[in-house]
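Enquirer: Data file model-v2.csv (CSV, C-alpha atoms) is appended below.
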chain,number,residue,atom,x,y,z
O,1014,MET,CA,128.0,101.8,103.1
O,1015,ASN,CA,127.0,100.7,106.6
O,1016,GLU,CA,127.1,97.0,105.9
O,1017,PRO,CA,127.2,95.8,109.6
O,1018,GLN,CA,123.7,97.3,110.4
O,1019,VAL,CA,122.0,95.9,107.3
O,1020,PRO,CA,119.8,92.9,108.2
O,1021,ALA,CA,118.0,93.0,104.9
O,1022,HIS,CA,120.2,90.4,103.3
O,1023,LEU,CA,119.6,89.6,99.7
O,1024,ASP,CA,119.7,86.6,97.4
O,1025,TYR,CA,120.3,87.2,93.7
O,1026,VAL,CA,117.3,85.5,92.1
O,1027,PHE,CA,117.2,86.3,88.3
O,1028,GLU,CA,117.8,88.9,85.7
O,1029,MET,CA,115.3,90.0,83.0
O,1030,ARG,CA,116.2,91.6,79.7
O,1031,VAL,CA,113.3,93.7,78.2
O,1032,ASP,CA,113.6,94.9,74.6
O,1033,PHE,CA,111.5,98.0,73.8
O,1034,ARG,CA,109.6,98.9,70.7
O,1035,PRO,CA,110.3,102.2,68.9
O,1036,GLU,CA,106.7,103.5,69.6
O,1037,ARG,CA,107.9,105.1,72.9
O,1038,CYS,CA,106.2,108.4,73.6
O,1039,THR,CA,105.3,110.8,76.4
O,1040,VAL,CA,101.9,112.6,76.7
O,1041,GLY,CA,101.5,115.9,78.3
O,1042,PRO,CA,102.0,118.2,80.1
O,1043,LEU,CA,99.3,116.8,82.3
O,1044,PRO,CA,96.9,119.0,84.4
O,1045,GLY,CA,98.8,118.2,87.6
O,1046,GLY,CA,102.2,118.7,86.0
O,1047,GLY,CA,104.4,116.1,84.6
O,1048,TYR,CA,103.9,113.7,81.7
O,1049,GLN,CA,102.5,110.2,81.0
O,1050,GLY,CA,105.0,107.8,79.4
O,1051,TYR,CA,104.3,104.8,77.2
O,1052,THR,CA,107.1,102.3,76.4
O,1053,PRO,CA,105.8,99.0,74.8
O,1054,CYS,CA,107.8,95.9,75.3
O,1055,ALA,CA,108.8,93.8,72.3
O,1056,GLY,CA,109.9,90.8,74.4
O,1057,GLY,CA,112.8,89.6,76.4
O,1058,THR,CA,114.6,86.9,78.3
O,1059,ILE,CA,114.9,85.8,82.0
O,1060,TYR,CA,117.9,83.9,83.4
O,1061,GLY,CA,119.2,83.2,86.8
O,1062,PRO,CA,119.3,80.8,89.7
O,1063,ARG,CA,115.6,80.9,90.7
O,1064,LEU,CA,113.8,81.7,87.4
O,1065,SER,CA,114.5,81.3,83.7
O,1066,GLY,CA,112.2,81.9,80.8
O,1067,LYS,CA,111.0,84.7,78.6
O,1068,VAL,CA,109.1,87.9,78.6
O,1069,VAL,CA,106.0,87.1,76.5
O,1070,PRO,CA,106.4,89.2,73.3
O,1071,ASP,CA,104.2,92.3,73.1
O,1072,SER,CA,102.6,91.4,76.4
O,1073,GLY,CA,102.6,94.8,77.9
O,1074,ALA,CA,104.3,98.2,78.4
O,1075,ASP,CA,105.7,100.6,80.9
O,1076,TYR,CA,103.2,103.3,81.7
O,1077,ALA,CA,105.6,105.6,83.6
O,1078,THR,CA,104.7,109.0,85.2
O,1079,VAL,CA,107.2,111.7,84.7
O,1080,ARG,CA,106.9,113.9,87.8
O,1081,GLY,CA,107.4,117.7,87.8
O,1082,ASP,CA,110.7,117.2,89.5
O,1083,GLY,CA,111.9,115.1,86.6
O,1084,THR,CA,111.7,111.8,88.6
O,1085,ILE,CA,110.2,109.0,86.5
O,1086,ILE,CA,107.9,106.7,88.3
O,1087,ILE,CA,108.3,103.3,86.5
O,1088,ASN,CA,105.1,101.2,86.2
O,1089,SER,CA,105.6,98.3,83.9
O,1090,HIS,CA,103.1,95.5,83.2
O,1091,TYR,CA,104.3,92.4,81.4
O,1092,MET,CA,103.5,88.7,81.2
O,1093,LEU,CA,106.5,86.3,81.8
O,1094,GLU,CA,106.6,82.7,80.9
O,1095,ALA,CA,108.9,80.4,82.9
O,1096,ASP,CA,110.7,77.5,81.2
O,1097,ASP,CA,108.1,75.1,82.6
O,1098,GLY,CA,105.3,77.1,80.9
O,1099,THR,CA,104.0,78.9,84.0
O,1100,LYS,CA,102.7,82.3,83.2
O,1101,ILE,CA,103.6,85.1,85.6
O,1102,TYR,CA,102.4,88.7,85.7
O,1103,ILE,CA,104.9,91.3,86.7
O,1104,ASN,CA,104.2,94.8,87.8
O,1105,ASN,CA,107.6,96.5,88.0
O,1106,ASN,CA,107.4,99.6,90.1
O,1107,GLY,CA,110.3,101.8,90.7
O,1108,TYR,CA,112.1,105.1,90.2
O,1109,LEU,CA,114.3,106.4,87.4
O,1110,VAL,CA,116.0,109.6,88.4
O,1111,PRO,CA,117.7,111.1,85.3
O,1112,ALA,CA,121.3,112.4,85.7
O,1113,ARG,CA,121.4,116.2,86.0
O,1114,PRO,CA,123.1,118.1,83.1
O,1115,GLY,CA,126.8,117.9,83.5
O,1116,GLU,CA,126.6,115.3,86.3
O,1117,PRO,CA,129.2,112.5,85.8
O,1118,ARG,CA,127.4,109.4,84.6
O,1119,ARG,CA,128.3,105.8,85.1
O,1120,LEU,CA,128.7,103.8,81.9
O,1121,ASP,CA,127.4,100.2,81.6
O,1122,HIS,CA,128.2,98.5,78.4
O,1123,ASP,CA,128.9,102.0,76.9
O,1124,THR,CA,125.5,103.3,77.8
O,1125,PRO,CA,125.3,106.3,80.2
O,1126,GLN,CA,123.2,105.4,83.2
O,1127,PRO,CA,120.6,107.4,85.1
O,1128,ALA,CA,121.4,108.7,88.6
O,1129,TYR,CA,119.0,106.2,90.1
O,1130,PHE,CA,117.2,103.2,88.6
O,1131,CYS,CA,115.7,100.8,91.2
O,1132,PHE,CA,112.6,98.7,91.6
O,1133,SER,CA,110.2,97.0,93.9
O,1134,PRO,CA,108.2,94.7,91.7
O,1135,THR,CA,105.1,92.6,92.5
O,1136,PHE,CA,104.2,89.3,90.8
O,1137,VAL,CA,101.0,87.3,90.4
O,1138,VAL,CA,101.9,83.6,90.3
O,1139,PRO,CA,99.8,80.4,90.3
O,1140,GLU,CA,100.4,78.1,93.2
O,1141,GLY,CA,103.3,75.8,92.5
O,1142,PRO,CA,107.0,75.9,92.1
O,1143,HIS,CA,107.2,79.7,91.4
O,1144,ASP,CA,104.8,80.9,94.2
O,1145,TRP,CA,107.7,82.0,96.3
O,1146,MET,CA,107.7,85.1,94.1
O,1147,SER,CA,104.4,86.2,95.5
O,1148,ARG,CA,105.3,85.9,99.2
O,1149,THR,CA,108.9,87.1,99.0
O,1150,LEU,CA,109.9,90.8,98.9
O,1151,ILE,CA,111.9,91.3,95.7
O,1152,ILE,CA,113.9,94.4,94.8
O,1153,GLY,CA,115.7,95.2,91.6
O,1154,THR,CA,118.4,97.4,90.1
O,1155,GLY,CA,118.3,98.4,86.4
O,1156,SER,CA,120.7,99.1,83.7
O,1157,ARG,CA,119.8,101.0,80.5
O,1158,ARG,CA,121.3,99.7,77.2
O,1159,SER,CA,121.2,101.1,73.7
O,1160,ASN,CA,121.6,99.6,70.2
O,1161,PRO,CA,119.1,98.0,70.4
O,1162,ASP,CA,117.0,99.9,73.0
O,1163,HIS,CA,116.6,97.6,76.1
O,1164,SER,CA,117.1,97.4,79.8
O,1165,ILE,CA,118.5,94.8,82.1
O,1166,PHE,CA,116.8,94.3,85.5
O,1167,THR,CA,118.6,92.4,88.2
O,1168,TYR,CA,116.4,91.1,91.0
O,1169,TYR,CA,117.2,90.1,94.5
O,1170,ALA,CA,115.0,88.4,97.2
O,1171,VAL,CA,115.0,89.9,100.6
O,1172,ARG,CA,115.9,87.0,102.9
O,1173,SER,CA,114.2,86.3,106.2
O,1174,VAL,CA,117.3,86.3,108.4
E,515,MET,CA,115.7,79.1,100.5
E,516,ALA,CA,118.9,78.4,98.6
E,517,THR,CA,121.5,81.1,99.1
E,518,PRO,CA,123.9,81.2,96.1
E,519,ALA,CA,126.5,83.9,96.5
E,520,PRO,CA,125.4,87.0,94.6
E,521,PRO,CA,127.6,87.3,91.5
E,522,PRO,CA,129.9,90.2,91.3
E,523,HIS,CA,127.8,92.9,89.7
E,524,PRO,CA,128.7,96.4,88.8
E,525,PHE,CA,125.3,97.6,90.1
E,526,ALA,CA,125.0,95.4,93.1
E,527,PRO,CA,122.5,97.0,95.5
E,528,ARG,CA,123.7,98.7,98.6
E,529,PHE,CA,121.5,99.9,101.5
E,530,GLU,CA,121.6,102.7,104.0
E,531,TYR,CA,119.6,102.6,107.2
E,532,ALA,CA,116.8,105.2,107.0
E,533,PHE,CA,114.6,105.0,110.2
E,534,THR,CA,112.6,102.8,112.4
E,535,VAL,CA,108.8,103.2,112.8
E,536,ALA,CA,107.1,101.9,116.0
E,537,ILE,CA,103.3,101.7,115.8
E,538,ASP,CA,100.7,100.7,118.3
E,539,LEU,CA,97.8,99.0,116.5
E,540,THR,CA,94.1,98.9,117.2
E,541,PRO,CA,92.3,95.5,117.4
E,542,ALA,CA,91.6,94.1,113.9
E,543,VAL,CA,88.3,94.1,112.0
E,544,TRP,CA,87.9,91.0,109.8
E,545,LEU,CA,85.9,90.6,106.6
E,546,THR,CA,85.6,87.0,105.5
E,547,PRO,CA,85.3,85.9,102.9
E,548,SER,CA,86.0,89.1,101.0
E,549,SER,CA,85.2,89.4,97.4
E,550,MET,CA,88.9,88.8,96.7
E,551,GLY,CA,88.4,85.2,97.9
E,552,ALA,CA,90.5,85.7,101.0
E,553,THR,CA,90.1,87.3,104.3
E,554,ARG,CA,90.5,91.1,104.5
E,555,ALA,CA,91.6,92.5,107.8
E,556,ALA,CA,91.8,96.1,108.9
E,557,VAL,CA,93.9,97.6,111.7
E,558,TRP,CA,94.5,101.2,112.5
E,559,ALA,CA,97.7,103.0,113.5
E,560,ALA,CA,96.7,104.2,116.9
E,561,GLN,CA,99.9,106.1,117.5
E,562,GLY,CA,103.6,105.8,116.9
E,563,THR,CA,106.9,107.4,116.4
E,564,PHE,CA,109.8,107.1,113.9
E,565,GLU,CA,113.4,108.0,114.2
E,566,GLY,CA,116.6,107.7,112.1
E,567,PRO,CA,119.8,109.5,111.3
E,568,ARG,CA,118.1,112.0,108.9
E,569,ILE,CA,114.6,112.2,110.0
E,570,ARG,CA,112.3,111.7,113.1
E,571,GLY,CA,108.7,112.4,114.0
E,572,ILE,CA,105.4,110.8,114.8
E,573,VAL,CA,102.8,108.6,113.2
E,574,ILE,CA,99.7,110.8,113.0
E,575,PRO,CA,97.3,109.0,115.3
E,576,MET,CA,94.5,107.2,113.4
E,577,SER,CA,95.6,108.7,110.1
E,578,GLY,CA,95.2,105.3,108.5
E,579,GLY,CA,96.2,101.7,108.9
E,580,ASP,CA,96.8,98.4,107.2
E,581,TYR,CA,94.1,96.6,105.1
E,582,PRO,CA,95.8,93.3,104.3
E,583,LEU,CA,94.5,90.3,102.5
E,584,VAL,CA,95.0,87.0,104.3
E,585,ARG,CA,95.4,84.3,101.7
E,586,PRO,CA,93.9,80.8,102.3
E,587,ASN,CA,97.5,79.5,102.7
E,588,GLY,CA,98.1,81.9,105.5
E,589,VAL,CA,100.3,84.4,103.6
E,590,ILE,CA,99.4,88.0,104.6
E,591,ASP,CA,99.6,90.5,101.8
E,592,PHE,CA,100.0,93.9,103.4
E,593,ASP,CA,98.4,97.1,102.1
E,594,ALA,CA,99.1,99.9,104.6
E,595,ARG,CA,98.4,103.6,104.3
E,596,TYR,CA,98.9,106.2,106.9
E,597,LEU,CA,100.6,109.5,107.6
E,598,LEU,CA,103.9,110.4,109.3
E,599,GLN,CA,104.7,113.9,110.5
E,600,ALA,CA,108.4,114.9,110.6
E,601,ASP,CA,109.5,117.0,113.6
E,602,ASP,CA,109.7,120.1,111.3
E,603,GLY,CA,105.9,119.7,110.7
E,604,THR,CA,106.1,118.1,107.2
E,605,PRO,CA,103.3,115.6,106.7
E,606,ILE,CA,104.4,112.4,104.8
E,607,TYR,CA,102.0,109.9,103.2
E,608,LEU,CA,103.2,106.3,103.5
E,609,GLN,CA,101.9,103.5,101.4
E,610,SER,CA,103.4,100.1,102.1
E,611,ARG,CA,103.0,96.6,100.7
E,612,GLY,CA,104.7,93.3,101.6
E,613,TYR,CA,104.3,89.9,103.1
E,614,ARG,CA,104.2,88.1,106.4
E,615,TRP,CA,104.1,84.3,106.7
E,616,ALA,CA,105.6,81.6,108.9
E,617,GLU,CA,106.1,77.9,109.0
E,618,GLY,CA,104.4,75.5,111.5
E,619,ASP,CA,102.4,77.0,114.3
E,620,ALA,CA,104.2,80.4,114.4
E,621,MET,CA,101.3,82.0,112.4
E,622,GLU,CA,98.7,80.9,115.0
E,623,ARG,CA,100.9,82.0,117.9
E,624,MET,CA,101.2,85.4,116.2
E,625,ALA,CA,97.5,85.6,115.7
E,626,ARG,CA,97.1,85.0,119.5
E,627,ASN,CA,99.4,88.0,120.1
E,628,GLU,CA,102.1,85.8,121.6
E,629,PRO,CA,105.7,87.1,121.3
E,630,LEU,CA,107.9,85.4,118.6
E,631,ASP,CA,111.5,85.6,117.7
E,632,PRO,CA,112.1,87.6,114.5
E,633,ASP,CA,113.6,84.5,112.8
E,634,GLU,CA,110.3,82.5,113.3
E,635,TYR,CA,108.5,84.4,110.6
E,636,TYR,CA,109.0,86.3,107.3
E,637,MET,CA,107.8,89.9,107.5
E,638,ARG,CA,109.3,92.3,104.8
E,639,VAL,CA,107.6,95.3,103.3
E,640,SER,CA,108.4,97.9,100.7
E,641,PRO,CA,106.9,101.4,101.3
E,642,LYS,CA,106.6,104.4,99.0
E,643,PHE,CA,106.2,107.9,100.2
E,644,ASP,CA,104.4,111.0,99.0
E,645,VAL,CA,106.3,114.0,100.4
E,646,PRO,CA,106.5,117.7,99.6
E,647,GLU,CA,109.6,119.0,97.9
E,648,GLY,CA,112.2,120.0,100.5
E,649,PRO,CA,114.5,118.4,103.0
E,650,HIS,CA,112.6,115.1,103.0
E,651,ASP,CA,112.1,114.6,99.3
E,652,TRP,CA,114.7,111.8,99.2
E,653,LEU,CA,111.8,109.7,100.5
E,654,GLY,CA,110.0,110.1,97.2
E,655,LYS,CA,112.7,109.0,94.9
E,656,HIS,CA,114.3,105.9,96.4
E,657,ILE,CA,113.2,102.3,96.9
E,658,PHE,CA,113.0,101.2,100.5
E,659,VAL,CA,112.9,97.8,102.2
E,660,GLY,CA,111.3,97.4,105.6
E,661,VAL,CA,112.5,94.6,107.9
E,662,ALA,CA,109.6,94.3,110.3
E,663,GLU,CA,109.3,92.9,113.8
E,664,LYS,CA,105.8,91.8,114.9
E,665,VAL,CA,105.4,92.6,118.6
E,666,PRO,CA,102.1,91.9,120.3
E,667,LYS,CA,99.5,94.7,119.3
E,668,ALA,CA,102.3,96.7,117.6
E,669,ASN,CA,104.8,96.7,114.8
E,670,ARG,CA,108.4,97.8,114.7
E,671,ILE,CA,109.7,98.3,111.1
E,672,HIS,CA,113.3,99.1,110.3
E,673,TYR,CA,113.5,100.8,106.9
E,674,PHE,CA,116.6,100.7,104.7
E,675,MET,CA,117.0,102.9,101.6
E,676,LEU,CA,118.3,101.2,98.4
E,677,LEU,CA,121.1,103.4,97.2
Output the file's structure in the form of structure tokens.
Expert:
Amino acid sequence: MNEPQVPAHLDYVFEMRVDFRPERCTVGPLPGGGYQGYTPCAGGTIYGPRLSGKVVPDSGADYATVRGDGTIIINSHYMLEADDGTKIYINNNGYLVPARPGEPRRLDHDTPQPAYFCFSPTFVVPEGPHDWMSRTLIIGTGSRRSNPDHSIFTYYAVRSV
Amino acid sequence: MATPAPPPHPFAPRFEYAFTVAIDLTPAVWLTPSSMGATRAAVWAAQGTFEGPRIRGIVIPMSGGDYPLVRPNGVIDFDARYLLQADDGTPIYLQSRGYRWAEGDAMERMARNEPLDPDEYYMRVSPKFDVPEGPHDWLGKHIFVGVAEKVPKANRIHYFMLL
């Protein structure tokens, strides 16, 4: 940690739970190496100080790329619906680096976690009360959960000062 | 913006300073209105350098630039692509997106290339890197945040790696 030299201060803005359907698959190997992933979203919930609502059921999927070095490039597309009815498109981009065999793994709610699971999402939002989401840099951390298969994404806004 | 204290969270994000990129920019070309319903700008990275605890090198001159959309409400939506070269010769492709906006007349003063204090505007980016396997491959598997300073005819961007 080098806290004193970090000006990229953060505000916790919301958390998103995404439940996945069992039709997950990977396709490959691909000509350039690696695999194409497909993880459809069943639905989910959003809660937190700046946004609450739901993930619109069956509104999208993660189309990850599994790189030759094992790093998974997350690329999820979902529709969100805020409590006031506003529809918001999220493209959740990030990296999942699987733990190496034998590497000690953190547990979160009894689920072993990847070595790295972080995000830099973008949002398309109509003008109005939620349009801060499309002019504020937002980063996220993720937590894998099992039984049932889902993930929790915790999002933070990068403050201006 | 309201600033509630982040809740204690077992996976609360931590950052490590990565490097600072300083770039001299060419004059902009403007397309208006673009087919996206906004103004498209184009500026090129004329030259530059970058330096941090783990890596240093140059911005390959004229290897790319920024092609942002300027929304009708003044928010700039960055789309930058150019090449870095580490001092061991490794080329690194940088793609960055993010936002710049300001309240009041700060946006117009910035457009006139007047100097502003960093707290007069919001300019934050998130880059991703395409990098060969080797000593710099950490760039290709972490999320980064760039805290940017707009200086007249140039940018200075301080990158932090999300751990």
Enquirer: Any idea what the distance is between CA of His672 in chain E and CA of Thr534 in chain E?
Expert: 4.3 Å
Enquirer: Hey, which bits of chain O sit within 6 Å of chain E, and for each residue what's the closest pair of atoms and how far apart in Å (one decimal), counting all atoms listed in the file, rows by chain and increasing number, as JSON lines?
Expert:
{"residue": "O:Tyr1025", "atom": "CA", "partner": "E:Pro520", "partner_atom": "CA", "distance": 5.2}
{"residue": "O:Arg1148", "atom": "CA", "partner": "E:Tyr613", "partner_atom": "CA", "distance": 5.7}
{"residue": "O:Ser1173", "atom": "CA", "partner": "E:Tyr636", "partner_atom": "CA", "distance": 5.3}
Enquirer: Given the choices O:Val1171, O:Ile1151, O:Phe1130, O:Leu1109, which gets closest to Ile1085 in chain O if the distance is worked out from all atoms listed in the file?
Expert: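 Residue with the minimum atom-to-atom distance to Ile1085 in chain O: O:Leu1109.
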Enquirer: For CA of His1163 in chain O and CA of Leu1093 in chain O, quote the distance in Å rounded to one decimal.
Expert: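 Separation between CA of His1163 in chain O and CA of Leu1093 in chain O: 16.2 Å.
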Enquirer: Have a look at E:Phe643, E:Trp544, E:Phe564, E:Tyr607 and name the one nearest to Pro582 in chain E; count all atoms listed in the file.
Expert: E:Trp544
Enquirer: Would you mind telling me which residue in O:Tyr1108, O:Tyr1102, O:Phe1136, O:Tyr1060 lies nearest to Gly1155 in chain O when using only C-alpha atoms?
Expert: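 Looking at the shortest contact to Gly1155 in chain O, the residue is O:Tyr1108.
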Enquirer: For a quick check of understanding, using all atoms listed in the file, which of O:Pro1070, O:Ile1059, O:Ser1133, O:Ser1164 has the smallest distance to Gly1107 in chain O?
Expert: O:Ser1133
Enquirer: So how many Å separate CA of Asp1097 in chain O and CA of Val1026 in chain O, to one decimal?
Expert: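 These two atoms are separated by 16.8 Å.
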Enquirer: Give me the residues near Asp1075 in chain O as a ChimeraX atom specification, where near means some atom within 9 Å (using all atoms listed in the file) and where sequence neighbours in that chain fewer than 6 positions away do not count.
Expert: /O:1050-1054,1087-1091,1105
Enquirer: Would you list the contacts of Gly1061 in chain O as a list in words, taking every protein, DNA or RNA residue within 12 Å and counting all atoms listed in the file, but skipping same-chain residues closer than 2 positions in sequence?
Expert: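 Skipping anything fewer than 2 positions along the chain leaves Asp1024, Tyr1025, Val1026, Phe1027, Glu1028, Met1029, Arg1030, Thr1058, Ile1059, Arg1063, Leu1064, Ser1065, Gly1066, Lys1067, Ala1095, Asp1096, Phe1166, Thr1167, Tyr1168 and Tyr1169 of chain O; Pro518, Pro520 and Pro521 of chain E.
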Enquirer: Using all atoms listed in the file, find all polymer residues with an atom at most 8 Å away from the point (100.8, 94.3, 119.8); report them as an MDAnalysis selection string.
Expert: chainID E and resid 538:539 627 664:669
Enquirer: Name the residues in contact with His650 in chain E at a cut-off of 9 Å, using only C-alpha atoms, excluding same-chain residues fewer than 3 positions from it; report them as a PyMOL selection string.
Expert: chain E and resi 568-569+600+604+606+645-647+653-654
Enquirer: Between O:Gly1081, O:Ser1156, O:Ala1170, O:Asp1032, single out the one closest to His1122 in chain O, counting all atoms listed in the file.
Expert: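 Of the candidates, the smallest distance to His1122 in chain O is held by O:Ser1156.
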Enquirer: Start from the incomplete input, build N, CA, C and O atoms for range 651-666 of chain E, and deliver everything as a short mmCIF file (atom, residue, chain, number, x, y, z; two decimals), in the frame of the given file.
Expert:
data_model
loop_
_atom_site.label_atom_id
_atom_site.label_comp_id
_atom_site.auth_asym_id
_atom_site.auth_seq_id
_atom_site.Cartn_x
_atom_site.Cartn_y
_atom_site.Cartn_z
N ASP E 651 112.55 115.17 100.56
CA ASP E 651 112.10 114.60 99.30
C ASP E 651 112.87 113.42 98.79
O ASP E 651 112.46 112.75 97.85
N TRP E 652 113.97 113.09 99.48
CA TRP E 652 114.70 111.80 99.20
C TRP E 652 113.77 110.63 99.41
O TRP E 652 113.96 109.57 98.79
N LEU E 653 112.76 110.78 100.28
CA LEU E 653 111.80 109.70 100.50
C LEU E 653 111.03 109.32 99.28
O LEU E 653 110.59 108.18 99.12
N GLY E 654 110.83 110.31 98.41
CA GLY E 654 110.00 110.10 97.20
C GLY E 654 110.69 109.70 95.99
O GLY E 654 110.08 109.64 94.93
N LYS E 655 111.97 109.41 96.08
CA LYS E 655 112.70 109.00 94.90
C LYS E 655 113.70 107.86 95.16
O LYS E 655 114.69 107.74 94.44
N HIS E 656 113.44 107.07 96.19
CA HIS E 656 114.30 105.90 96.40
C HIS E 656 113.35 104.70 96.76
O HIS E 656 112.26 104.89 97.31
N ILE E 657 113.84 103.51 96.46
CA ILE E 657 113.20 102.30 96.90
C ILE E 657 113.62 101.99 98.32
O ILE E 657 114.79 102.16 98.67
N PHE E 658 112.68 101.55 99.14
CA PHE E 658 113.00 101.20 100.50
C PHE E 658 112.54 99.76 100.80
O PHE E 658 111.58 99.27 100.22
N VAL E 659 113.27 99.14 101.70
CA VAL E 659 112.90 97.80 102.20
C VAL E 659 112.67 97.96 103.72
O VAL E 659 113.49 98.58 104.40
N GLY E 660 111.58 97.42 104.21
CA GLY E 660 111.30 97.40 105.60
C GLY E 660 111.45 96.03 106.20
O GLY E 660 110.82 95.08 105.72
N VAL E 661 112.31 95.89 107.19
CA VAL E 661 112.50 94.60 107.90
C VAL E 661 111.64 94.79 109.19
O VAL E 661 111.92 95.65 110.02
N ALA E 662 110.58 93.98 109.29
CA ALA E 662 109.60 94.30 110.30
C ALA E 662 109.64 93.26 111.45
O ALA E 662 109.91 92.07 111.25
N GLU E 663 109.41 93.76 112.63
CA GLU E 663 109.30 92.90 113.80
C GLU E 663 107.82 93.01 114.26
O GLU E 663 107.28 94.09 114.46
N LYS E 664 107.21 91.82 114.40
CA LYS E 664 105.80 91.80 114.90
C LYS E 664 105.92 91.64 116.42
O LYS E 664 106.40 90.64 116.94
N VAL E 665 105.49 92.68 117.11
CA VAL E 665 105.40 92.60 118.60
C VAL E 665 103.93 92.65 118.91
O VAL E 665 103.13 93.22 118.16
N PRO E 666 103.50 92.01 120.01
CA PRO E 666 102.10 91.90 120.30
C PRO E 666 101.42 93.33 120.26
O PRO E 666 101.92 94.27 120.87
#
